[in-house]
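Enquirer: Please find one structure pasted underneath; my questions will follow.
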Amino acid sequence: MSCLSFLGWLALLHLCSGHGASTEGKDGTVTPLTDYTVRLAGGPDSTQGRVELYIGGQWGSVCDTGFDVTEAQVACASLGFNQGQGSFLGNQFGPGSGPVHLDNVVCTGSEFVLDDCQHSGIGSTNCTHDNDVSVSCIGTGYTFRLTGTANVYEGVLEVLYRNQWGSVCEHGFDARDAQVACNSMGFGHIGYAMGNIFGRGDGEIWLDEVQCVGDEINIGVCPHNPWGASDCVHFDDISVTCTPLDVAVRLVDGPSENEGRVEMLFNGQWGSVCGNGFTDVEARVACYSLGFDQGQGTFLGSQFGPGTGQIWFDSVSCTGTESTLNECSHGEVGSTNCTHDQDVSISCIGTSYEMRLMDGDFPYEGRIEINYQGEWGTVCSDEFDAFDAQVACSSLGFGRTGYSMGTVFGRGNGPVLLDDLNCAGDEYNIGNCQHPPWTLTNCLHVQDVGVACTPVDVAVRLVGGATEAEGRYEAYVNGQWGTVCDTGFSAVEAQVACYSLGFDQGQGTFLGNQFGPGTGPVWLDEVKCFGNETALNGCQHSPIGSSNCSHDQDVSVSCVGTGYEVRLADGAVPYEGRLEINYQGEWGTVCSDSFSAIDTQVACYSLGFGRQGYSLGGEFGGGSGTVFLDEVGCVGDENNVGNCAHNPWTFSNCIHLQDVSISCTTVDVAVRLAGGATEGEGRLEMLVNGQWGTVCDTGFTDVEAQVACYSLGFDRGQGVFAGNQFGPGTGRVWLDSVDCVGTEAVLNECQHSQIGSSNCSHDRDVSISCVGTGYDVRLVDGVFPKEGRLEIFYRDEWGTVCDDFFTDVDAQVACESLGHGRVGRVLGTSRGAGTIWLDDVECVGTEANVGNCVHQPWGFTNCAHGEDVAITCSTSTGENYALRLVGSDGLPALNSGRLEIYRGLNEWGSVCDTGFGDKEAQVACASLGFTQFEGTFIGQSHGPGSGRIWLDNVNCTGNEIMLDDCQHGPWGTVACNHTEDVSIQCVGPWPAMPVRLVNPAANTSTPTEGRLEIFYFGVWGTVCDTGFNNVNAQVVCASLGFGYTGEFVFNLYGPGTDTIWLDAVSCVGNELSVGNCAHSPWGSTACTHNSDVSVRCVPI
């Protein structure tokens, strides 16, 4: 591969200047460079290995003299990893071959490639290959520690960088950063930022403005300021604790044990909680932690006064599912700029406030009274509205219906308990709504509020309009006609008003105050409807008769609905022309300002042409008479353009040159793709009025591409916007600003600007690909069915995908298209054959197929097959791997042996005993199929292994399913040798693997003969016939309950599908399952399904 894809554009000038370029070491040595490429060799994956350089046509290595983490980071940056990411691993991946190209490398850390650093000159060294440099670019090499306390799990956070310990600034540091730090130190994803509680560090302040997402391996790889770039002092050094907060909670200074100021006991000291962002949601979590029912609790501001001591929590934000406040999101523990005047108070009384209605003529109306601390009192009418009334009525058993009656039911006695109520509307009791502290009010009993818990019994009418279908809206309440104020009134409220008058649902237009002022009371104000009510008094509103509006604000509405007559004038055919509308007996026009495709479709619908059509601007000239409508804004479901939102009738600054014309037919177009490599991709062109033209890319996305492809005969949902890839076209730009929902059959059904009206140039002509989801993908040569080399089928040929810039997001798109869901990650590389179809793949993550992602043109790549990407689509929390036990004789063992791991792709290795104990042995045995919690670590009883040592520092809790679910060091990165290989003893018999016989012709679910299949790693697979005999068949039959009787019938029942799990099976004859017999590694075979074993069992 050329240097470009590895080193990036920043190093382009220096490294890719062509043949005859040269490089100069800082000692003055000049060596010609005809090519200069970097790779990692000998490592377990593409992120770590021996550093090798391709110089002068030959791969060579780098000597470790003076090499450290800074040089490793430069090497990793030249490979495309993040600046500042990289660890020096000594000579871990062994000696290389060829020349040693660089020695005495010294970098500052700002370089892009190693050759920019000081060095001895290319080829100038006395090193041997035993000194070859190895690095890891994973980013986990930063070491952290906690200092300043006696506890290992808390303290000042410090990081080792360039061999010097330094601290981390608290600026921007939050719980997510703390949890990443704690996880990298082995405590798991728990922990809290503790401000500066554990004092100051010393030395450098290495990190500032750390911003972790939360899934990083190490905070050194989270976004942050450059290393050492900080305006902090050591008073700002962050402290963290890596253990869940152990807190107690209490309520203080309230009148009962159910309410009070929230206080928390932390580190032996009681403190309070700041009210920043605190709501009823957080109050309910606090109450739940105190033993109250889920969902019970009300935030009371700072009602119960200030506390003392530390303010432990600030900016608390809960989802409502937490058990305690410390499980919610919050600021640094103990770090706040709040004062105790902001201390949180809550009530956990819940729905237990008793209420009643007094002095009404009926049970459903009266003055509201509420019982608080054993005493009945009243509620002030200040700010009391329909929301508050409906909550009160709901708690009294009348349902969420009702309205305020002001003070009509007179004065009560006792205390005025509540004032300035502010209910959201979903509370169970008005005592749970927001309000000032109980009894804190400036009201007198003349302000005691009353409610009616039944819909208002009113008559309605329209007055002063030109017809019976429009006019000023009036309501008859308590024997008197009155009006409605326009505060907040809109088309939604007009439609409810019209429906109450007998017009169709959804019919009605708010006309402001068009029909003048009325007389009498203003009965309703601040009306707010959802649109499904049957009358205005069923909507939210202020208390009936309580309004400060004048009659100049009286509401007028039109319920004409579909009665507005519309026509098309001066068009050559019936379905197009200038749009005209009849209002109050006069024909007039409609202004084209803001007139869109949606407005056109409503107009066409009212003309009987259906919801179709498009604007033609002023094509049919100016009309005459009044310009009735301007600034029309239809939603799209109206029955008539006169019912859409618009300026008041006749209110317009337009002249007749701006009269809108429309066409009520779908555009008669043909569509084609031009300039593409295949018939499934190209520049999108449309034939309109006999002339081919293009489509502008303004607002064009995959949604519009899918509609275009569907109109060309491709499957629904298939299509990708390819920018301007296939170049400019000629002729007219027919469509611009296309906006599709995705359900349309052709582009001209989508919203768009006027056909042929665009200021785009042909440089913006749309190109698309309709190949879509038709790209077949597969995984090849993996150990497990959900892993392997990614291959894609294009132009009737399978090919591979280069790993350049290929990320876990790209892997997840590939896995989704394989049917495994949006899971997956990159495993590394696996050499394939054929064409390398894709390179530089960059998926957003929402694509249906990896072929639909952004990438280089098909087949354009500078990669070799050594860079073919391999992925896994496993949903396991760990890696895909197999386990086995190997005896001292080197043969597979049943329940006691050296623990070995087979990790993709294709190498068995051992486990180092550092930290390994019985818990780890139990997890290993459980993953081998033995009973969980039965396993013992037996040291190195079965001797040393060979090959890789895969894991070290394994630390399990005992509840894990697989070893990789436990804490452990990076795969393949260990300081052990094979004399430390783990051996374990798994108690109990070797577990039986489920098997079945597949015989489609049998009329039973348990046939006595059929193709042999075995269940392993969640997948049924077959067994190859290599070495298979009757003894093996008898073990199969015994495990199926037929006894040790049976015969091998070769391949009688034909080939299976999925994985061939077993090959070279050799049973003794007393095994519980064929999977317990000796065999080649699971999934490792050269067989095809034509060799699948069939077995016949003879019942005994």
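Each chain in the structure tokens gets a letter, A, B and so on, in the order shown; residues start at 1 in every chain, and ligands are counted from 1 in the order they appear.
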Using DSSP on the backbone, list every residue of region 743-979 of chain A that comes out as alpha helix (DSSP H), and give them as a PyMOL selection string.
Expert: chain A and resi 808-817+918-927
Enquirer: With N, CA and C atoms retained, export the selected residues as a PDB file, in the first residue's frame.
Expert:
ATOM      1  N   ASP A 808     -15.680   0.289  13.860  1.00  0.00           N
ATOM      2  CA  ASP A 808     -16.757  -0.532  14.406  1.00  0.00           C
ATOM      3  C   ASP A 808     -18.119  -0.119  13.852  1.00  0.00           C
ATOM      4  N   VAL A 809     -18.298   1.185  13.561  1.00  0.00           N
ATOM      5  CA  VAL A 809     -19.573   1.636  12.971  1.00  0.00           C
ATOM      6  C   VAL A 809     -19.780   0.962  11.622  1.00  0.00           C
ATOM      7  N   ASP A 810     -18.709   0.900  10.794  1.00  0.00           N
ATOM      8  CA  ASP A 810     -18.810   0.231   9.499  1.00  0.00           C
ATOM      9  C   ASP A 810     -19.114  -1.251   9.678  1.00  0.00           C
ATOM     10  N   ALA A 811     -18.474  -1.873  10.685  1.00  0.00           N
ATOM     11  CA  ALA A 811     -18.716  -3.293  10.956  1.00  0.00           C
ATOM     12  C   ALA A 811     -20.172  -3.517  11.341  1.00  0.00           C
ATOM     13  N   GLN A 812     -20.741  -2.606  12.105  1.00  0.00           N
ATOM     14  CA  GLN A 812     -22.136  -2.770  12.548  1.00  0.00           C
ATOM     15  C   GLN A 812     -23.113  -2.672  11.384  1.00  0.00           C
ATOM     16  N   VAL A 813     -22.818  -1.792  10.417  1.00  0.00           N
ATOM     17  CA  VAL A 813     -23.667  -1.730   9.220  1.00  0.00           C
ATOM     18  C   VAL A 813     -23.576  -3.042   8.452  1.00  0.00           C
ATOM     19  N   ALA A 814     -22.349  -3.577   8.316  1.00  0.00           N
ATOM     20  CA  ALA A 814     -22.179  -4.858   7.625  1.00  0.00           C
ATOM     21  C   ALA A 814     -22.944  -5.965   8.347  1.00  0.00           C
ATOM     22  N   CYS A 815     -22.866  -5.999   9.667  1.00  0.00           N
ATOM     23  CA  CYS A 815     -23.551  -7.037  10.440  1.00  0.00           C
ATOM     24  C   CYS A 815     -25.068  -6.900  10.306  1.00  0.00           C
ATOM     25  N   GLU A 816     -25.566  -5.664  10.267  1.00  0.00           N
ATOM     26  CA  GLU A 816     -26.997  -5.443  10.085  1.00  0.00           C
ATOM     27  C   GLU A 816     -27.465  -6.033   8.761  1.00  0.00           C
ATOM     28  N   SER A 817     -26.690  -5.817   7.693  1.00  0.00           N
ATOM     29  CA  SER A 817     -27.086  -6.333   6.385  1.00  0.00           C
ATOM     30  C   SER A 817     -26.969  -7.850   6.318  1.00  0.00           C
ATOM     31  N   ASP A 918      -9.510 -19.662  42.077  1.00  0.00           N
ATOM     32  CA  ASP A 918     -10.657 -20.557  41.893  1.00  0.00           C
ATOM     33  C   ASP A 918     -11.831 -19.868  41.194  1.00  0.00           C
ATOM     34  N   LYS A 919     -12.056 -18.575  41.487  1.00  0.00           N
ATOM     35  CA  LYS A 919     -13.173 -17.895  40.818  1.00  0.00           C
ATOM     36  C   LYS A 919     -12.976 -17.873  39.313  1.00  0.00           C
ATOM     37  N   GLU A 920     -11.736 -17.612  38.899  1.00  0.00           N
ATOM     38  CA  GLU A 920     -11.448 -17.576  37.479  1.00  0.00           C
ATOM     39  C   GLU A 920     -11.592 -18.974  36.872  1.00  0.00           C
ATOM     40  N   ALA A 921     -11.162 -19.985  37.637  1.00  0.00           N
ATOM     41  CA  ALA A 921     -11.313 -21.369  37.166  1.00  0.00           C
ATOM     42  C   ALA A 921     -12.787 -21.727  37.013  1.00  0.00           C
ATOM     43  N   GLN A 922     -13.624 -21.275  37.951  1.00  0.00           N
ATOM     44  CA  GLN A 922     -15.062 -21.573  37.881  1.00  0.00           C
ATOM     45  C   GLN A 922     -15.699 -20.956  36.639  1.00  0.00           C
ATOM     46  N   VAL A 923     -15.304 -19.718  36.303  1.00  0.00           N
ATOM     47  CA  VAL A 923     -15.847 -19.095  35.098  1.00  0.00           C
ATOM     48  C   VAL A 923     -15.394 -19.856  33.856  1.00  0.00           C
ATOM     49  N   ALA A 924     -14.111 -20.239  33.818  1.00  0.00           N
ATOM     50  CA  ALA A 924     -13.609 -21.002  32.675  1.00  0.00           C
ATOM     51  C   ALA A 924     -14.359 -22.324  32.535  1.00  0.00           C
ATOM     52  N   CYS A 925     -14.580 -23.043  33.660  1.00  0.00           N
ATOM     53  CA  CYS A 925     -15.288 -24.321  33.610  1.00  0.00           C
ATOM     54  C   CYS A 925     -16.736 -24.123  33.159  1.00  0.00           C
ATOM     55  N   ALA A 926     -17.366 -23.053  33.649  1.00  0.00           N
ATOM     56  CA  ALA A 926     -18.751 -22.792  33.249  1.00  0.00           C
ATOM     57  C   ALA A 926     -18.832 -22.537  31.753  1.00  0.00           C
ATOM     58  N   SER A 927     -17.864 -21.815  31.189  1.00  0.00           N
ATOM     59  CA  SER A 927     -17.901 -21.537  29.749  1.00  0.00           C
ATOM     60  C   SER A 927     -17.575 -22.784  28.945  1.00  0.00           C
TER      61      SER A 927
END
Enquirer: From a DSSP pass on the backbone, collect the residues of region 631-748 of chain A flagged as strand (DSSP E or B) and hand them back as an MDAnalysis selection string.
Expert: chainID A and resid 633 645 659 661:663 669:674 681:688 691:696 720:721 732:735 739
Enquirer: Based on the selection just made, write N, CA, C and O atoms of those residues as a compact mmCIF listing (two decimals), in the first residue's frame.
Expert:
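Saved result, again-v4.txt, follows:
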# COMPACT_ATOMS: atom_id res chain seq x y z
N GLY A 633 -50.38 29.03 4.49
CA GLY A 633 -49.52 28.00 5.10
C GLY A 633 -50.35 26.78 5.47
O GLY A 633 -50.80 26.65 6.61
N ALA A 645 -53.97 28.19 7.30
CA ALA A 645 -53.48 29.42 7.93
C ALA A 645 -53.14 30.44 6.84
O ALA A 645 -52.59 30.08 5.79
N ASP A 659 -49.98 36.90 -8.64
CA ASP A 659 -51.04 35.90 -8.52
C ASP A 659 -50.49 34.52 -8.85
O ASP A 659 -49.81 34.32 -9.87
N SER A 661 -50.30 30.63 -9.98
CA SER A 661 -50.89 29.66 -10.90
C SER A 661 -50.45 28.26 -10.47
O SER A 661 -49.35 28.08 -9.91
N ILE A 662 -51.29 27.28 -10.73
CA ILE A 662 -50.98 25.91 -10.32
C ILE A 662 -51.35 24.93 -11.42
O ILE A 662 -52.14 25.26 -12.33
N SER A 663 -50.81 23.74 -11.31
CA SER A 663 -51.21 22.61 -12.16
C SER A 663 -51.65 21.49 -11.25
O SER A 663 -50.94 21.13 -10.30
N VAL A 669 -43.52 12.80 -16.71
CA VAL A 669 -42.07 12.78 -16.90
C VAL A 669 -41.60 11.35 -17.13
O VAL A 669 -42.26 10.38 -16.73
N ALA A 670 -40.47 11.26 -17.77
CA ALA A 670 -39.70 10.01 -17.81
C ALA A 670 -38.43 10.26 -17.03
O ALA A 670 -37.98 11.40 -16.89
N VAL A 671 -37.85 9.20 -16.48
CA VAL A 671 -36.65 9.32 -15.65
C VAL A 671 -35.60 8.35 -16.18
O VAL A 671 -35.93 7.26 -16.64
N ARG A 672 -34.33 8.77 -16.11
CA ARG A 672 -33.24 7.88 -16.51
C ARG A 672 -32.00 8.20 -15.69
O ARG A 672 -31.91 9.25 -15.05
N LEU A 673 -31.03 7.27 -15.71
CA LEU A 673 -29.72 7.47 -15.11
C LEU A 673 -28.70 7.55 -16.23
O LEU A 673 -28.66 6.68 -17.11
N ALA A 674 -27.86 8.58 -16.20
CA ALA A 674 -26.89 8.81 -17.28
C ALA A 674 -25.49 8.93 -16.71
O ALA A 674 -25.29 9.44 -15.61
N GLU A 681 -26.73 3.07 -11.65
CA GLU A 681 -26.20 4.28 -11.04
C GLU A 681 -25.92 5.31 -12.12
O GLU A 681 -25.72 4.97 -13.29
N GLY A 682 -25.92 6.59 -11.73
CA GLY A 682 -25.64 7.63 -12.70
C GLY A 682 -26.24 8.95 -12.30
O GLY A 682 -26.79 9.12 -11.20
N ARG A 683 -26.14 9.91 -13.18
CA ARG A 683 -26.73 11.23 -12.99
C ARG A 683 -28.24 11.10 -13.24
O ARG A 683 -28.67 10.49 -14.23
N LEU A 684 -29.06 11.66 -12.36
CA LEU A 684 -30.50 11.55 -12.48
C LEU A 684 -31.01 12.59 -13.48
O LEU A 684 -30.76 13.79 -13.33
N GLU A 685 -31.73 12.11 -14.51
CA GLU A 685 -32.27 13.02 -15.51
C GLU A 685 -33.75 12.77 -15.70
O GLU A 685 -34.24 11.65 -15.53
N MET A 686 -34.50 13.85 -16.07
CA MET A 686 -35.95 13.77 -16.21
C MET A 686 -36.36 14.37 -17.56
O MET A 686 -35.80 15.39 -17.99
N LEU A 687 -37.32 13.73 -18.21
CA LEU A 687 -37.87 14.22 -19.46
C LEU A 687 -39.19 14.93 -19.17
O LEU A 687 -40.17 14.32 -18.75
N VAL A 688 -39.19 16.24 -19.34
CA VAL A 688 -40.38 17.06 -19.10
C VAL A 688 -40.67 17.86 -20.37
O VAL A 688 -39.77 18.51 -20.92
N GLN A 691 -38.18 17.41 -23.20
CA GLN A 691 -36.78 17.81 -23.07
C GLN A 691 -36.15 17.17 -21.84
O GLN A 691 -36.70 17.24 -20.73
N TRP A 692 -34.99 16.53 -22.03
CA TRP A 692 -34.26 15.95 -20.90
C TRP A 692 -33.56 17.05 -20.11
O TRP A 692 -32.99 17.98 -20.69
N GLY A 693 -33.61 16.93 -18.79
CA GLY A 693 -32.92 17.87 -17.91
C GLY A 693 -32.52 17.18 -16.62
O GLY A 693 -32.71 15.96 -16.46
N THR A 694 -32.01 17.93 -15.67
CA THR A 694 -31.42 17.35 -14.45
C THR A 694 -32.19 17.81 -13.21
O THR A 694 -33.18 18.53 -13.28
N VAL A 695 -31.66 17.36 -12.04
CA VAL A 695 -32.22 17.68 -10.74
C VAL A 695 -31.12 18.31 -9.88
O VAL A 695 -30.01 17.76 -9.80
N CYS A 696 -31.43 19.43 -9.23
CA CYS A 696 -30.43 20.10 -8.39
C CYS A 696 -30.34 19.40 -7.02
O CYS A 696 -31.33 18.87 -6.52
N VAL A 720 -29.16 5.37 -2.98
CA VAL A 720 -28.19 6.17 -2.23
C VAL A 720 -27.88 7.43 -3.02
O VAL A 720 -27.65 7.38 -4.23
N PHE A 721 -27.89 8.59 -2.33
CA PHE A 721 -27.49 9.84 -2.95
C PHE A 721 -25.97 9.85 -3.08
O PHE A 721 -25.25 9.67 -2.10
N ARG A 732 -32.22 21.81 -19.20
CA ARG A 732 -32.83 22.48 -18.06
C ARG A 732 -32.54 21.74 -16.76
O ARG A 732 -32.40 20.52 -16.73
N VAL A 733 -32.46 22.51 -15.65
CA VAL A 733 -32.50 21.91 -14.31
C VAL A 733 -33.98 21.91 -13.93
O VAL A 733 -34.54 22.94 -13.54
N TRP A 734 -34.63 20.75 -14.05
CA TRP A 734 -36.07 20.70 -13.91
C TRP A 734 -36.55 20.82 -12.47
O TRP A 734 -37.53 21.49 -12.18
N LEU A 735 -35.87 20.14 -11.54
CA LEU A 735 -36.34 20.12 -10.15
C LEU A 735 -35.27 20.65 -9.22
O LEU A 735 -34.07 20.41 -9.41
N ASP A 739 -38.12 17.53 -1.58
CA ASP A 739 -38.26 17.07 -0.20
C ASP A 739 -39.32 15.97 -0.16
O ASP A 739 -40.51 16.24 -0.28
Enquirer: Go through A:Glu1071, A:Cys1097, A:Tyr775, A:Arg831 one by one, measure the shortest atom-to-atom distance of each to Asn1030 (chain A) using only C-alpha atoms, and give the residue with the smallest value.
Expert: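 Looking at the shortest contact to Asn1030 (chain A), the residue is A:Cys1097.
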Enquirer: Please determine, counting only C-alpha atoms, which residue among A:Asn432, A:Thr1088, A:Asn413, A:Ser120 has the shortest atom-to-atom distance to Ala392 (chain A).
Expert: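 Counting only C-alpha atoms, the residue closest to Ala392 (chain A) is A:Asn432.
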Enquirer: For Phe651 (chain A), which residue among A:Thr730, A:Thr626, A:Ser1091, A:Gln83 is the nearest when counting only C-alpha atoms?
Expert: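 Of A:Thr730, A:Thr626, A:Ser1091, A:Gln83, the one nearest Phe651 (chain A) is A:Thr626, counting only C-alpha atoms.
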Enquirer: So the first atom is CA of Glu842 (chain A) and the second is CA of Val854 (chain A); what is the distance between them in Å, to one decimal place?
Expert: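 Distance between the two atoms: 5.2 Å.
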Enquirer: Considering only C-alpha atoms, state which residue in the set A:Cys1037, A:Ala77, A:Ala975, A:Leu899 is at the smallest distance from Gly109 (chain A).
Expert: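 Between A:Cys1037, A:Ala77, A:Ala975, A:Leu899, the residue approaching Gly109 (chain A) most closely is A:Ala77.
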Enquirer: For region 534-545 of chain A, work out the shell of residues within 8 Å, counting only C-alpha atoms and skipping chain neighbours fewer than 2 positions away, then give it as number ranges by chain.
Expert: A: 384-387, 401, 403-406, 455-456, 493, 496-497, 499-500, 521-530, 532, 547
Enquirer: Using the selection just defined, write its residues with C-alpha atoms as a PDB file, in the first residue's frame.
Expert:
ATOM      1  CA  PHE A 384     -55.843  29.215  39.632  1.00  0.00           C
ATOM      2  CA  ASP A 385     -56.706  27.959  36.127  1.00  0.00           C
ATOM      3  CA  ALA A 386     -58.350  25.080  34.254  1.00  0.00           C
ATOM      4  CA  PHE A 387     -55.309  22.787  34.767  1.00  0.00           C
ATOM      5  CA  THR A 401     -62.839  17.664  33.751  1.00  0.00           C
ATOM      6  CA  TYR A 403     -63.178  24.636  35.396  1.00  0.00           C
ATOM      7  CA  SER A 404     -62.587  27.426  37.853  1.00  0.00           C
ATOM      8  CA  MET A 405     -65.648  29.303  39.125  1.00  0.00           C
ATOM      9  CA  GLY A 406     -63.662  32.092  40.719  1.00  0.00           C
ATOM     10  CA  PRO A 455     -68.377  20.541  31.607  1.00  0.00           C
ATOM     11  CA  VAL A 456     -69.866  24.033  31.292  1.00  0.00           C
ATOM     12  CA  GLU A 493     -59.728  26.400  18.684  1.00  0.00           C
ATOM     13  CA  VAL A 496     -63.494  22.977  17.960  1.00  0.00           C
ATOM     14  CA  ALA A 497     -65.853  25.981  18.037  1.00  0.00           C
ATOM     15  CA  TYR A 499     -67.612  21.414  15.524  1.00  0.00           C
ATOM     16  CA  SER A 500     -69.727  22.472  18.542  1.00  0.00           C
ATOM     17  CA  PRO A 521     -69.328  39.430  29.668  1.00  0.00           C
ATOM     18  CA  VAL A 522     -66.189  38.000  28.087  1.00  0.00           C
ATOM     19  CA  TRP A 523     -66.887  34.450  29.227  1.00  0.00           C
ATOM     20  CA  LEU A 524     -63.749  32.623  28.053  1.00  0.00           C
ATOM     21  CA  ASP A 525     -60.088  33.636  27.807  1.00  0.00           C
ATOM     22  CA  GLU A 526     -56.768  31.850  27.199  1.00  0.00           C
ATOM     23  CA  VAL A 527     -58.534  28.946  25.475  1.00  0.00           C
ATOM     24  CA  LYS A 528     -56.158  26.089  24.562  1.00  0.00           C
ATOM     25  CA  CYS A 529     -57.555  23.061  22.688  1.00  0.00           C
ATOM     26  CA  PHE A 530     -55.932  19.836  21.485  1.00  0.00           C
ATOM     27  CA  ASN A 532     -60.320  16.462  19.766  1.00  0.00           C
ATOM     28  CA  SER A 547     -60.747  38.001  31.796  1.00  0.00           C
TER      29      SER A 547
END
Enquirer: Which residues come within 10 Å of Gly890 (chain A), counting only C-alpha atoms, excluding same-chain residues fewer than 6 positions away, as a PDB file with N, CA, C and O atoms, in the first residue's frame?
Expert:
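File written: around-v8.pdb
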ATOM      1  N   GLY A 897      -6.757 -29.946  32.981  1.00  0.00           N
ATOM      2  CA  GLY A 897      -5.707 -29.713  32.016  1.00  0.00           C
ATOM      3  C   GLY A 897      -5.263 -28.272  31.985  1.00  0.00           C
ATOM      4  O   GLY A 897      -5.760 -27.427  32.743  1.00  0.00           O
ATOM      5  N   ARG A 898      -4.315 -28.002  31.108  1.00  0.00           N
ATOM      6  CA  ARG A 898      -3.861 -26.633  30.890  1.00  0.00           C
ATOM      7  C   ARG A 898      -4.946 -25.908  30.108  1.00  0.00           C
ATOM      8  O   ARG A 898      -5.470 -26.410  29.103  1.00  0.00           O
ATOM      9  N   HIS A 942      -0.285 -29.086  34.601  1.00  0.00           N
ATOM     10  CA  HIS A 942      -0.212 -29.737  33.283  1.00  0.00           C
ATOM     11  C   HIS A 942       0.832 -29.106  32.382  1.00  0.00           C
ATOM     12  O   HIS A 942       0.781 -29.274  31.158  1.00  0.00           O
ATOM     13  N   GLY A 943       1.793 -28.429  32.989  1.00  0.00           N
ATOM     14  CA  GLY A 943       2.975 -27.996  32.283  1.00  0.00           C
ATOM     15  C   GLY A 943       2.795 -26.800  31.373  1.00  0.00           C
ATOM     16  O   GLY A 943       1.707 -26.249  31.232  1.00  0.00           O
ATOM     17  N   PRO A 944       3.910 -26.388  30.734  1.00  0.00           N
ATOM     18  CA  PRO A 944       3.878 -25.217  29.861  1.00  0.00           C
ATOM     19  C   PRO A 944       3.274 -25.532  28.495  1.00  0.00           C
ATOM     20  O   PRO A 944       3.396 -26.646  27.992  1.00  0.00           O
ATOM     21  N   GLY A 945       2.635 -24.524  27.920  1.00  0.00           N
ATOM     22  CA  GLY A 945       2.133 -24.650  26.570  1.00  0.00           C
ATOM     23  C   GLY A 945       3.102 -24.025  25.590  1.00  0.00           C
ATOM     24  O   GLY A 945       4.293 -23.874  25.870  1.00  0.00           O
TER      25      GLY A 945
END
Enquirer: May I ask for the distance between CA of Cys212 (chain A) and CA of Asp177 (chain A), given in Å to one decimal place?
Expert: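 Distance reported for this atom pair: 5.3 Å.
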Enquirer: Just checking: using only C-alpha atoms, which residue out of A:Phe198, A:Phe620, A:Phe628, A:Tyr54 ends up closest to Cys591 (chain A)?
Expert: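 Ranked by minimum distance to Cys591 (chain A), first place goes to A:Phe628.
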